[in-house]
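Structure data (TSV, C-alpha atoms) from entry.tsv:
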chain	number	residue	atom	x	y	z
L	231	MET	CA	-91.54	26.38	79.41
L	232	ASN	CA	-89.04	23.55	79.73
L	233	LYS	CA	-85.42	24.75	79.47
L	234	SER	CA	-84.48	21.96	77.06
L	235	LEU	CA	-87.38	22.89	74.77
L	236	ILE	CA	-86.33	26.55	74.85
L	237	SER	CA	-82.78	25.51	73.93
L	238	LEU	CA	-84.09	23.31	71.10
L	239	ILE	CA	-86.11	26.20	69.66
L	240	CYS	CA	-83.06	28.46	70.01
L	241	ALA	CA	-80.83	25.95	68.18
L	242	ILE	CA	-83.26	25.51	65.25
L	243	SER	CA	-83.81	29.28	64.99
L	244	CYS	CA	-80.05	29.82	65.08
L	245	SER	CA	-79.38	27.34	62.26
L	246	PHE	CA	-82.15	28.93	60.15
L	247	LEU	CA	-80.71	32.43	60.62
L	248	TRP	CA	-77.18	31.23	59.87
L	249	GLY	CA	-78.31	29.35	56.77
L	250	THR	CA	-80.44	32.10	55.25
L	251	ALA	CA	-77.77	34.70	56.07
L	252	PHE	CA	-75.62	33.12	53.34
L	253	ILE	CA	-77.98	34.74	50.84
L	254	ALA	CA	-77.33	38.17	52.36
L	255	GLN	CA	-73.59	37.43	52.45
L	256	ASP	CA	-73.57	36.42	48.79
L	257	THR	CA	-75.61	39.37	47.51
L	258	GLY	CA	-74.05	41.88	49.91
L	259	MET	CA	-70.72	42.29	48.12
L	260	ASP	CA	-71.85	44.11	44.98
L	261	TYR	CA	-70.48	47.42	46.27
L	262	ILE	CA	-68.26	46.53	49.25
L	263	GLY	CA	-65.50	43.99	49.82
L	264	PRO	CA	-65.55	40.88	52.04
L	265	TRP	CA	-63.50	42.45	54.85
L	266	THR	CA	-65.82	45.46	54.99
L	267	PHE	CA	-68.91	43.28	54.94
L	268	SER	CA	-67.57	41.08	57.76
L	269	ALA	CA	-66.55	44.06	59.89
L	270	ALA	CA	-69.86	45.88	59.36
L	271	ARG	CA	-72.05	42.87	60.15
L	272	LEU	CA	-70.06	42.13	63.30
L	273	PHE	CA	-70.28	45.74	64.51
L	274	LEU	CA	-74.04	45.61	63.91
L	275	GLY	CA	-74.21	42.35	65.86
L	276	PHE	CA	-72.41	43.99	68.78
L	277	PHE	CA	-74.67	47.07	68.85
L	278	ALA	CA	-77.78	44.89	68.54
L	279	LEU	CA	-76.77	42.95	71.67
L	280	LEU	CA	-75.45	45.89	73.68
L	281	PRO	CA	-78.85	46.96	75.15
L	282	PHE	CA	-79.51	43.38	76.31
L	283	PHE	CA	-76.05	43.32	77.91
L	284	PHE	CA	-76.84	46.41	79.99
L	285	ILE	CA	-80.36	45.22	80.87
L	286	PHE	CA	-79.60	41.63	81.88
L	287	GLU	CA	-75.93	41.14	82.73
L	288	PHE	CA	-74.12	44.41	83.38
L	289	ASN	CA	-75.09	44.68	87.06
L	290	LYS	CA	-74.35	40.99	87.66
L	291	LEU	CA	-70.89	41.39	86.16
L	292	ARG	CA	-70.07	44.20	88.56
L	293	LYS	CA	-70.62	41.83	91.50
L	294	ILE	CA	-68.52	38.87	90.39
L	295	LYS	CA	-64.93	38.35	91.39
L	296	SER	CA	-63.20	36.65	88.49
L	297	ASN	CA	-59.71	36.71	87.06
L	298	LEU	CA	-60.02	39.55	84.55
L	299	LYS	CA	-56.91	38.49	82.65
L	300	ILE	CA	-58.29	34.99	81.98
L	301	ILE	CA	-61.66	36.43	80.88
L	302	LEU	CA	-60.02	38.90	78.49
L	303	ILE	CA	-57.72	36.23	76.99
L	304	ASN	CA	-60.64	33.88	76.37
L	305	MET	CA	-62.79	36.67	74.97
L	306	PHE	CA	-60.02	37.69	72.58
L	307	LEU	CA	-59.60	34.07	71.43
L	308	LEU	CA	-63.34	33.78	70.74
L	309	GLY	CA	-63.26	37.05	68.79
L	310	PHE	CA	-60.23	35.91	66.80
L	311	PHE	CA	-61.82	32.56	65.89
L	312	LEU	CA	-65.09	34.29	65.04
L	313	ALA	CA	-63.28	36.79	62.78
L	314	GLY	CA	-61.37	33.98	61.05
L	315	GLY	CA	-64.46	31.87	60.45
L	316	ASN	CA	-66.36	34.87	59.12
L	317	ILE	CA	-63.76	36.19	56.72
L	318	PHE	CA	-62.79	32.84	55.17
L	319	GLN	CA	-66.49	32.09	54.68
L	320	GLN	CA	-67.14	35.55	53.24
L	321	ILE	CA	-64.23	35.49	50.78
L	322	SER	CA	-65.19	31.96	49.68
L	323	LEU	CA	-68.50	33.32	48.36
L	324	LEU	CA	-66.56	35.31	45.74
L	325	TYR	CA	-65.51	32.00	44.20
L	326	THR	CA	-68.02	29.29	45.03
L	327	ASP	CA	-71.78	28.78	45.42
L	328	VAL	CA	-73.77	29.35	48.58
L	329	ALA	CA	-74.49	25.62	48.94
L	330	ASN	CA	-70.79	24.73	48.81
L	331	SER	CA	-69.82	27.43	51.31
L	332	ALA	CA	-72.61	26.53	53.73
L	333	VAL	CA	-72.16	22.75	53.60
L	334	PHE	CA	-68.36	22.86	53.85
L	335	THR	CA	-68.79	25.18	56.85
L	336	VAL	CA	-70.78	22.38	58.52
L	337	LEU	CA	-67.59	20.27	58.54
L	338	TYR	CA	-66.74	22.02	61.83
L	339	VAL	CA	-69.06	19.52	63.53
L	340	VAL	CA	-66.74	16.65	62.59
L	341	ILE	CA	-63.61	18.73	63.26
L	342	VAL	CA	-64.68	19.66	66.82
L	343	PRO	CA	-64.06	16.24	68.46
L	344	VAL	CA	-60.69	15.91	66.70
L	345	LEU	CA	-59.57	19.33	67.99
L	346	ALA	CA	-60.93	18.57	71.46
L	347	TYR	CA	-58.82	15.39	71.46
L	348	PHE	CA	-55.58	17.13	70.45
L	349	LEU	CA	-56.12	20.29	72.51
L	350	PHE	CA	-57.68	18.87	75.69
L	351	SER	CA	-57.00	15.11	75.41
L	352	LYS	CA	-60.71	14.36	75.32
L	353	LYS	CA	-61.67	10.87	74.21
L	354	ILE	CA	-62.60	10.56	70.58
L	355	HIS	CA	-65.09	7.95	69.42
L	356	LYS	CA	-64.07	5.69	66.55
L	357	SER	CA	-67.08	6.92	64.53
L	358	VAL	CA	-65.24	10.18	63.81
L	359	TRP	CA	-62.85	8.55	61.33
L	360	PRO	CA	-65.47	7.02	58.97
L	361	ALA	CA	-67.32	10.34	59.27
L	362	VAL	CA	-64.18	12.14	58.04
L	363	VAL	CA	-63.94	9.75	55.07
L	364	MET	CA	-67.62	10.34	54.29
L	365	CYS	CA	-67.02	14.11	54.41
L	366	LEU	CA	-64.12	13.77	51.97
L	367	LEU	CA	-66.30	11.75	49.60
L	368	GLY	CA	-69.15	14.24	49.92
L	369	GLY	CA	-66.72	17.08	49.34
L	370	LEU	CA	-65.45	15.50	46.11
L	371	LEU	CA	-69.02	15.26	44.83
L	372	LEU	CA	-69.95	18.76	45.96
L	373	SER	CA	-66.87	20.56	44.66
L	374	GLU	CA	-66.28	21.08	40.94
L	375	LEU	CA	-62.80	19.59	40.62
L	376	ASP	CA	-62.38	20.83	37.05
L	377	ASN	CA	-63.20	24.41	38.09
L	378	TYR	CA	-60.13	26.05	39.66
L	379	ARG	CA	-62.14	29.05	40.88
L	380	VAL	CA	-64.63	26.86	42.77
L	381	ARG	CA	-61.79	24.80	44.27
L	382	ILE	CA	-60.25	27.99	45.69
L	383	GLY	CA	-63.58	28.97	47.30
L	384	ASP	CA	-64.16	25.51	48.73
L	385	SER	CA	-60.62	25.41	50.15
L	386	LEU	CA	-61.11	28.78	51.85
L	387	VAL	CA	-64.36	27.76	53.52
L	388	ILE	CA	-62.81	24.49	54.75
L	389	ILE	CA	-60.04	26.53	56.41
L	390	GLY	CA	-62.82	28.64	57.92
L	391	ALA	CA	-64.48	25.49	59.26
L	392	PHE	CA	-61.44	24.95	61.49
L	393	PHE	CA	-61.95	28.44	62.94
L	394	TRP	CA	-65.65	27.67	63.59
L	395	ALA	CA	-64.65	24.40	65.26
L	396	LEU	CA	-62.18	26.19	67.53
L	397	HIS	CA	-64.88	28.74	68.30
L	398	ILE	CA	-67.31	26.01	69.40
L	399	VAL	CA	-64.68	24.28	71.53
L	400	TYR	CA	-63.72	27.49	73.34
L	401	VAL	CA	-67.31	28.72	73.79
L	402	SER	CA	-68.15	25.49	75.65
L	403	LYS	CA	-64.95	25.81	77.69
L	404	PHE	CA	-65.47	29.51	78.46
L	405	LEU	CA	-69.11	29.08	79.57
L	406	LYS	CA	-67.94	26.80	82.39
L	407	ILE	CA	-65.95	29.60	84.02
L	408	PHE	CA	-67.89	32.63	82.78
L	409	ASN	CA	-71.60	31.91	82.34
L	410	PHE	CA	-72.67	35.22	80.83
L	411	PRO	CA	-73.95	34.37	77.34
L	412	ILE	CA	-75.02	37.89	76.32
L	413	THR	CA	-71.67	39.34	77.36
L	414	ILE	CA	-69.81	36.65	75.43
L	415	ALA	CA	-72.01	37.00	72.34
L	416	ALA	CA	-71.73	40.79	72.28
L	417	PHE	CA	-68.05	41.32	72.97
L	418	GLN	CA	-66.81	38.48	70.78
L	419	CYS	CA	-68.60	40.33	67.95
L	420	LEU	CA	-66.87	43.59	68.90
L	421	ILE	CA	-63.41	42.00	68.97
L	422	ALA	CA	-64.02	40.17	65.69
L	423	ALA	CA	-65.33	43.39	64.11
L	424	VAL	CA	-62.19	45.33	65.07
L	425	LEU	CA	-59.94	42.51	63.78
L	426	SER	CA	-61.84	42.58	60.46
L	427	ALA	CA	-61.99	46.37	60.22
L	428	LEU	CA	-58.21	46.82	60.28
L	429	PRO	CA	-57.58	44.89	57.02
L	430	ALA	CA	-60.77	46.40	55.53
L	431	ALA	CA	-59.43	49.93	56.04
L	432	SER	CA	-56.15	48.98	54.36
L	433	LEU	CA	-57.42	46.87	51.48
L	434	GLU	CA	-60.88	48.14	50.56
L	435	LEU	CA	-62.75	51.37	49.84
L	436	ILE	CA	-65.19	52.14	52.66
L	437	THR	CA	-67.79	54.92	52.42
L	438	PHE	CA	-71.21	55.41	53.98
L	439	LYS	CA	-72.72	55.59	50.49
L	440	LEU	CA	-71.36	52.16	49.56
L	441	LEU	CA	-72.43	50.71	52.90
L	442	SER	CA	-75.94	52.12	52.45
L	443	LEU	CA	-76.26	50.29	49.13
L	444	GLU	CA	-75.85	47.00	51.04
L	445	LEU	CA	-77.90	48.08	54.08
L	446	GLY	CA	-80.56	45.36	53.87
L	447	GLU	CA	-78.01	42.56	53.58
L	448	LEU	CA	-75.86	44.02	56.36
L	449	LEU	CA	-78.82	44.39	58.72
L	450	TYR	CA	-79.91	40.80	58.18
L	451	ALA	CA	-76.43	39.31	58.42
L	452	GLY	CA	-75.42	41.66	61.25
L	453	ILE	CA	-78.35	42.04	63.61
L	454	LEU	CA	-79.99	38.66	63.08
L	455	SER	CA	-77.17	36.30	62.07
L	456	SER	CA	-74.17	37.82	63.87
L	457	GLY	CA	-76.04	39.25	66.85
L	458	PHE	CA	-79.09	37.26	67.88
L	459	ALA	CA	-78.05	33.98	66.24
L	460	PHE	CA	-74.83	33.76	68.27
L	461	LEU	CA	-76.82	34.55	71.40
L	462	LEU	CA	-79.28	31.78	70.49
L	463	GLN	CA	-76.34	29.44	69.94
L	464	ILE	CA	-74.89	30.12	73.38
L	465	ILE	CA	-78.31	29.74	75.07
L	466	ALA	CA	-78.80	26.43	73.23
L	467	LEU	CA	-75.42	25.14	74.37
L	468	GLN	CA	-76.36	25.81	78.00
L	469	ASN	CA	-79.12	23.19	78.09
L	470	LEU	CA	-78.51	20.86	75.13
L	471	SER	CA	-75.87	18.16	75.03
L	472	PRO	CA	-73.23	18.75	72.34
L	473	ALA	CA	-74.32	15.91	70.02
L	474	PRO	CA	-77.92	16.96	69.28
L	475	ALA	CA	-76.92	20.62	69.31
L	476	ALA	CA	-74.24	19.99	66.67
L	477	ILE	CA	-76.70	18.09	64.48
L	478	ILE	CA	-79.25	20.91	64.68
L	479	PHE	CA	-76.63	23.57	63.94
L	480	SER	CA	-75.51	21.57	60.89
L	481	LEU	CA	-78.94	22.18	59.36
L	482	GLU	CA	-77.66	25.62	58.37
L	483	GLY	CA	-76.21	23.89	55.30
L	484	VAL	CA	-79.65	22.59	54.34
L	485	PHE	CA	-81.37	25.94	54.93
L	486	ALA	CA	-78.68	27.76	52.91
L	487	SER	CA	-78.79	25.32	49.98
L	488	ILE	CA	-82.59	25.48	49.72
L	489	ALA	CA	-82.62	29.28	50.05
L	490	ALA	CA	-79.92	29.68	47.38
L	491	TRP	CA	-81.81	27.38	45.02
L	492	ILE	CA	-85.08	29.32	45.50
L	493	LEU	CA	-83.80	32.90	45.79
L	494	LEU	CA	-80.60	32.89	43.71
L	495	ASP	CA	-81.38	30.14	41.18
L	496	GLN	CA	-78.16	28.34	42.15
L	497	TYR	CA	-79.10	24.95	40.72
L	498	LEU	CA	-77.87	21.81	42.46
L	499	ASN	CA	-77.24	18.85	40.17
L	500	GLU	CA	-77.60	15.26	41.35
L	501	PHE	CA	-73.91	14.98	42.28
L	502	LYS	CA	-74.03	18.08	44.49
L	503	VAL	CA	-77.25	16.93	46.15
L	504	LEU	CA	-75.65	13.53	46.84
L	505	GLY	CA	-72.54	15.26	48.23
L	506	ILE	CA	-74.65	17.38	50.58
L	507	ILE	CA	-76.57	14.30	51.77
L	508	ILE	CA	-73.36	12.33	52.41
L	509	ILE	CA	-71.78	15.19	54.42
L	510	LEU	CA	-74.94	15.68	56.51
L	511	LEU	CA	-75.17	11.92	57.13
L	512	ALA	CA	-71.52	11.96	58.23
L	513	VAL	CA	-72.26	14.78	60.67
L	514	ILE	CA	-75.30	12.98	62.10
L	515	PHE	CA	-73.42	9.66	62.30
L	516	SER	CA	-70.45	11.25	64.09
L	517	GLN	CA	-72.79	12.68	66.74
L	518	LEU	CA	-75.18	9.77	67.27
L	519	ALA	CA	-72.71	6.86	67.18
L	520	PRO	CA	-71.01	7.79	70.49
L	521	ILE	CA	-74.43	7.92	72.19
L	522	TYR	CA	-75.43	4.41	71.14
L	523	GLY	CA	-71.98	2.87	70.95
L	524	LYS	CA	-70.36	1.12	73.91
L	525	LYS	CA	-66.67	1.36	73.15
L	526	TYR	CA	-64.62	4.53	73.31
L	527	TYR	CA	-60.95	5.00	72.67
L	528	GLY	CA	-58.67	7.95	72.63
Could you show the structure in this file as structure tokens?
Amino acid sequence: MNKSLISLICAISCSFLWGTAFIAQDTGMDYIGPWTFSAARLFLGFFALLPFFFIFEFNKLRKIKSNLKIILINMFLLGFFLAGGNIFQQISLLYTDVANSAVFTVLYVVIVPVLAYFLFSKKIHKSVWPAVVMCLLGGLLLSELDNYRVRIGDSLVIIGAFFWALHIVYVSKFLKIFNFPITIAAFQCLIAAVLSALPAASLELITFKLLSLELGELLYAGILSSGFAFLLQIIALQNLSPAPAAIIFSLEGVFASIAAWILLDQYLNEFKVLGIIIILLAVIFSQLAPIYGKKYYG
């Protein structure tokens, strides 16, 4: 099968798993707190990927001669960004709807080129700025400005979007010097899990009984969304250019909104639907305009 087609299937599957995992995240905090949920799902993601690490990449890793310090630093950064994105997203679901959390998470697609410009001096296409304005407009329609609780949740998930954007930027950078996607996917989950478990142990009550009450949600969010979905993401980024990959990944907001409407009865009024459409159009515009445009400036 064509590598690009495999990557396309991986990207769509990844966005579906990410989107539907919001349901598990939302319903998985009846008995445990957000830090515990994040830590548990990330540990599950690590253990789900560990057998594949030993089967496919462990022996190859033993033969390479790379700077271990650089690899460990980059791996820690990925784990830190992954932990940050996860926890801000998870806590946001205590305050706001699944649709809001999922769609505001998608803002990372627009944030990525801005961060790449400031961090690595990469050229930024002029289409990014109108896309940012469109995202702000969509955000105003999507968020309930008269509801302080919802505004807190939306603000948290927007902060998390910056962590997801940094994660994407550094995954692409790291793959160029360390092309071991299973290793990256597995051990970033382990690092993020440890970083989440420390606050969880201090702030929340953790028992096996409580965890067992959320087992279904944790298994879905952990094994499928945190484990295999991140592996699918990394495989997709190997053979897809960033623009179409980013557009496909942004579909997680659509999958999450539809799933929340069907499974959780979280009704979307016409203003929220319009806000979602505007944000998704901004994401698509920001990715397609550089492909068809002729002028770039930094």
Return the single residue from L:Val513, L:Ser432, L:Tyr450, L:Asn289 that is closest to Thr335 (chain L), with distances computed using all atoms listed in the file. L:Val513
Could you check which of L:Leu302, L:Val399, L:Val339, L:Leu425 is closest to Ala476 (chain L), using only C-alpha atoms?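 Checking each of L:Leu302, L:Val399, L:Val339, L:Leu425 against Ala476 (chain L), counting only C-alpha atoms, the winner is L:Val339.
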Find the residues near region 414-422 of chain L: any atom within 7 Å, counting all atoms listed in the file, skip ones fewer than 5 places away on the same chain, and give them as a PDB file with C-alpha atoms, keeping the file's coordinate frame.
ATOM      1  CA  LEU L 272     -70.060  42.130  63.300  1.00  0.00           C
ATOM      2  CA  PHE L 273     -70.280  45.740  64.510  1.00  0.00           C
ATOM      3  CA  GLY L 275     -74.210  42.350  65.860  1.00  0.00           C
ATOM      4  CA  PHE L 276     -72.410  43.990  68.780  1.00  0.00           C
ATOM      5  CA  LEU L 279     -76.770  42.950  71.670  1.00  0.00           C
ATOM      6  CA  LEU L 280     -75.450  45.890  73.680  1.00  0.00           C
ATOM      7  CA  MET L 305     -62.790  36.670  74.970  1.00  0.00           C
ATOM      8  CA  PHE L 306     -60.020  37.690  72.580  1.00  0.00           C
ATOM      9  CA  LEU L 308     -63.340  33.780  70.740  1.00  0.00           C
ATOM     10  CA  GLY L 309     -63.260  37.050  68.790  1.00  0.00           C
ATOM     11  CA  PHE L 310     -60.230  35.910  66.800  1.00  0.00           C
ATOM     12  CA  LEU L 312     -65.090  34.290  65.040  1.00  0.00           C
ATOM     13  CA  ALA L 313     -63.280  36.790  62.780  1.00  0.00           C
ATOM     14  CA  PHE L 460     -74.830  33.760  68.270  1.00  0.00           C
ATOM     15  CA  LEU L 461     -76.820  34.550  71.400  1.00  0.00           C
TER      16      LEU L 461
END
Show which residues sit within 10 Å of region 255-258 of chain L, as an MDAnalysis selection string. Count only C-alpha atoms, and ignore same-chain residues fewer than 6 positions away. chainID L and resid 264 267:268 271 319:324 326:328 441 443:448 450:452 490 494
Put those residues in a file: C-alpha atoms, as a compact mmCIF listing (two decimals), in the coordinates of the input.
# COMPACT_ATOMS: atom_id res chain seq x y z
CA PRO L 264 -65.55 40.88 52.04
CA PHE L 267 -68.91 43.28 54.94
CA SER L 268 -67.57 41.08 57.76
CA ARG L 271 -72.05 42.87 60.15
CA GLN L 319 -66.49 32.09 54.68
CA GLN L 320 -67.14 35.55 53.24
CA ILE L 321 -64.23 35.49 50.78
CA SER L 322 -65.19 31.96 49.68
CA LEU L 323 -68.50 33.32 48.36
CA LEU L 324 -66.56 35.31 45.74
CA THR L 326 -68.02 29.29 45.03
CA ASP L 327 -71.78 28.78 45.42
CA VAL L 328 -73.77 29.35 48.58
CA LEU L 441 -72.43 50.71 52.90
CA LEU L 443 -76.26 50.29 49.13
CA GLU L 444 -75.85 47.00 51.04
CA LEU L 445 -77.90 48.08 54.08
CA GLY L 446 -80.56 45.36 53.87
CA GLU L 447 -78.01 42.56 53.58
CA LEU L 448 -75.86 44.02 56.36
CA TYR L 450 -79.91 40.80 58.18
CA ALA L 451 -76.43 39.31 58.42
CA GLY L 452 -75.42 41.66 61.25
CA ALA L 490 -79.92 29.68 47.38
CA LEU L 494 -80.60 32.89 43.71
With a distance cut-off of 7 Å and all atoms listed in the file, select the neighbouring residues of region 340-344 of chain L, excluding the residue or stretch itself and same-chain residues fewer than 3 positions from it, and output the selection as a list in words.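 Everything that qualifies: Leu337, Tyr347, Phe348, Ile354, Val358, Val362, Phe392, Ala395, Val399, Val513 and Ser516 of chain L.
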Store the residues of this selection in a file with C-alpha atoms, as a PDB file, keeping the file's coordinate frame.
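result22.pdb, written as the output of this step:
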ATOM      1  CA  LEU L 337     -67.590  20.270  58.540  1.00  0.00           C
ATOM      2  CA  TYR L 347     -58.820  15.390  71.460  1.00  0.00           C
ATOM      3  CA  PHE L 348     -55.580  17.130  70.450  1.00  0.00           C
ATOM      4  CA  ILE L 354     -62.600  10.560  70.580  1.00  0.00           C
ATOM      5  CA  VAL L 358     -65.240  10.180  63.810  1.00  0.00           C
ATOM      6  CA  VAL L 362     -64.180  12.140  58.040  1.00  0.00           C
ATOM      7  CA  PHE L 392     -61.440  24.950  61.490  1.00  0.00           C
ATOM      8  CA  ALA L 395     -64.650  24.400  65.260  1.00  0.00           C
ATOM      9  CA  VAL L 399     -64.680  24.280  71.530  1.00  0.00           C
ATOM     10  CA  VAL L 513     -72.260  14.780  60.670  1.00  0.00           C
ATOM     11  CA  SER L 516     -70.450  11.250  64.090  1.00  0.00           C
TER      12      SER L 516
END
Gly314 (chain L): which residues within 7 Å, counting only C-alpha atoms, same-chain residues fewer than 3 positions away excluded, as JSON, numbers by chain? {"L": [310, 311, 317, 318, 390, 393]}
Nearest to Leu247 (chain L) among L:Ile398, L:Gly483, L:Glu500, L:Glu374, with distances taken over only C-alpha atoms: which residue is it? L:Gly483
Give me, please, the distance in Å between CA of Ser487 (chain L) and CA of Ser385 (chain L), quoted to one decimal.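 Taking CA of Ser487 (chain L) as the start and CA of Ser385 (chain L) as the end point, the length is 18.2 Å.
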Centre and edges of the region 500-513 of chain L box, axis-aligned, 3 Å extra per side, as lines of an AutoDock Vina configuration file:
center_x = -74.6
center_y = 15.0
center_z = 51.0
size_x = 12.1
size_y = 12.2
size_z = 25.3
Please list as a list in words every residue within 10 Å of Met364 (chain L), counting all atoms listed in the file and excluding residues in the same chain fewer than 2 positions away.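 With the cut-off at 10 Å, the set is Val358, Trp359, Pro360, Ala361, Val362, Leu366, Leu367, Gly368, Gly369, Leu370, Gly505, Ile508, Ile509, Leu510, Leu511, Ala512, Val513 and Phe515 of chain L.
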Please dump the current selection as a PDB file, in the frame of the given file; keep C-alpha atoms.
ATOM      1  CA  VAL L 358     -65.240  10.180  63.810  1.00  0.00           C
ATOM      2  CA  TRP L 359     -62.850   8.550  61.330  1.00  0.00           C
ATOM      3  CA  PRO L 360     -65.470   7.020  58.970  1.00  0.00           C
ATOM      4  CA  ALA L 361     -67.320  10.340  59.270  1.00  0.00           C
ATOM      5  CA  VAL L 362     -64.180  12.140  58.040  1.00  0.00           C
ATOM      6  CA  LEU L 366     -64.120  13.770  51.970  1.00  0.00           C
ATOM      7  CA  LEU L 367     -66.300  11.750  49.600  1.00  0.00           C
ATOM      8  CA  GLY L 368     -69.150  14.240  49.920  1.00  0.00           C
ATOM      9  CA  GLY L 369     -66.720  17.080  49.340  1.00  0.00           C
ATOM     10  CA  LEU L 370     -65.450  15.500  46.110  1.00  0.00           C
ATOM     11  CA  GLY L 505     -72.540  15.260  48.230  1.00  0.00           C
ATOM     12  CA  ILE L 508     -73.360  12.330  52.410  1.00  0.00           C
ATOM     13  CA  ILE L 509     -71.780  15.190  54.420  1.00  0.00           C
ATOM     14  CA  LEU L 510     -74.940  15.680  56.510  1.00  0.00           C
ATOM     15  CA  LEU L 511     -75.170  11.920  57.130  1.00  0.00           C
ATOM     16  CA  ALA L 512     -71.520  11.960  58.230  1.00  0.00           C
ATOM     17  CA  VAL L 513     -72.260  14.780  60.670  1.00  0.00           C
ATOM     18  CA  PHE L 515     -73.420   9.660  62.300  1.00  0.00           C
TER      19      PHE L 515
END
I need the residue nearest Leu498 (chain L) from this list: L:Ala329, L:Leu235, L:Val484, L:Phe479. Use all atoms listed in the file for the distance.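 That would be L:Ala329, the residue with the smallest distance to Leu498 (chain L).
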Please measure the separation of CA of Pro429 (chain L) and CA of Thr266 (chain L), giving the value in Å to one decimal.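 CA of Pro429 (chain L) sits 8.5 Å away from CA of Thr266 (chain L).
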Measuring atom to atom with all atoms listed in the file, identify which of L:Leu372, L:Asn377, L:Gly457, L:Leu428 is nearest to Asn499 (chain L). L:Leu372
Would you mind reading off the distance between CA of Leu345 (chain L) and CA of Ala391 (chain L), one decimal, in Å? 11.8 Å
Pick the closest to Asn330 (chain L) from L:Gly263, L:Gly383, L:Gly249, L:Pro411: which is it, counting only C-alpha atoms?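 Closest to Asn330 (chain L), using only C-alpha atoms: L:Gly383.
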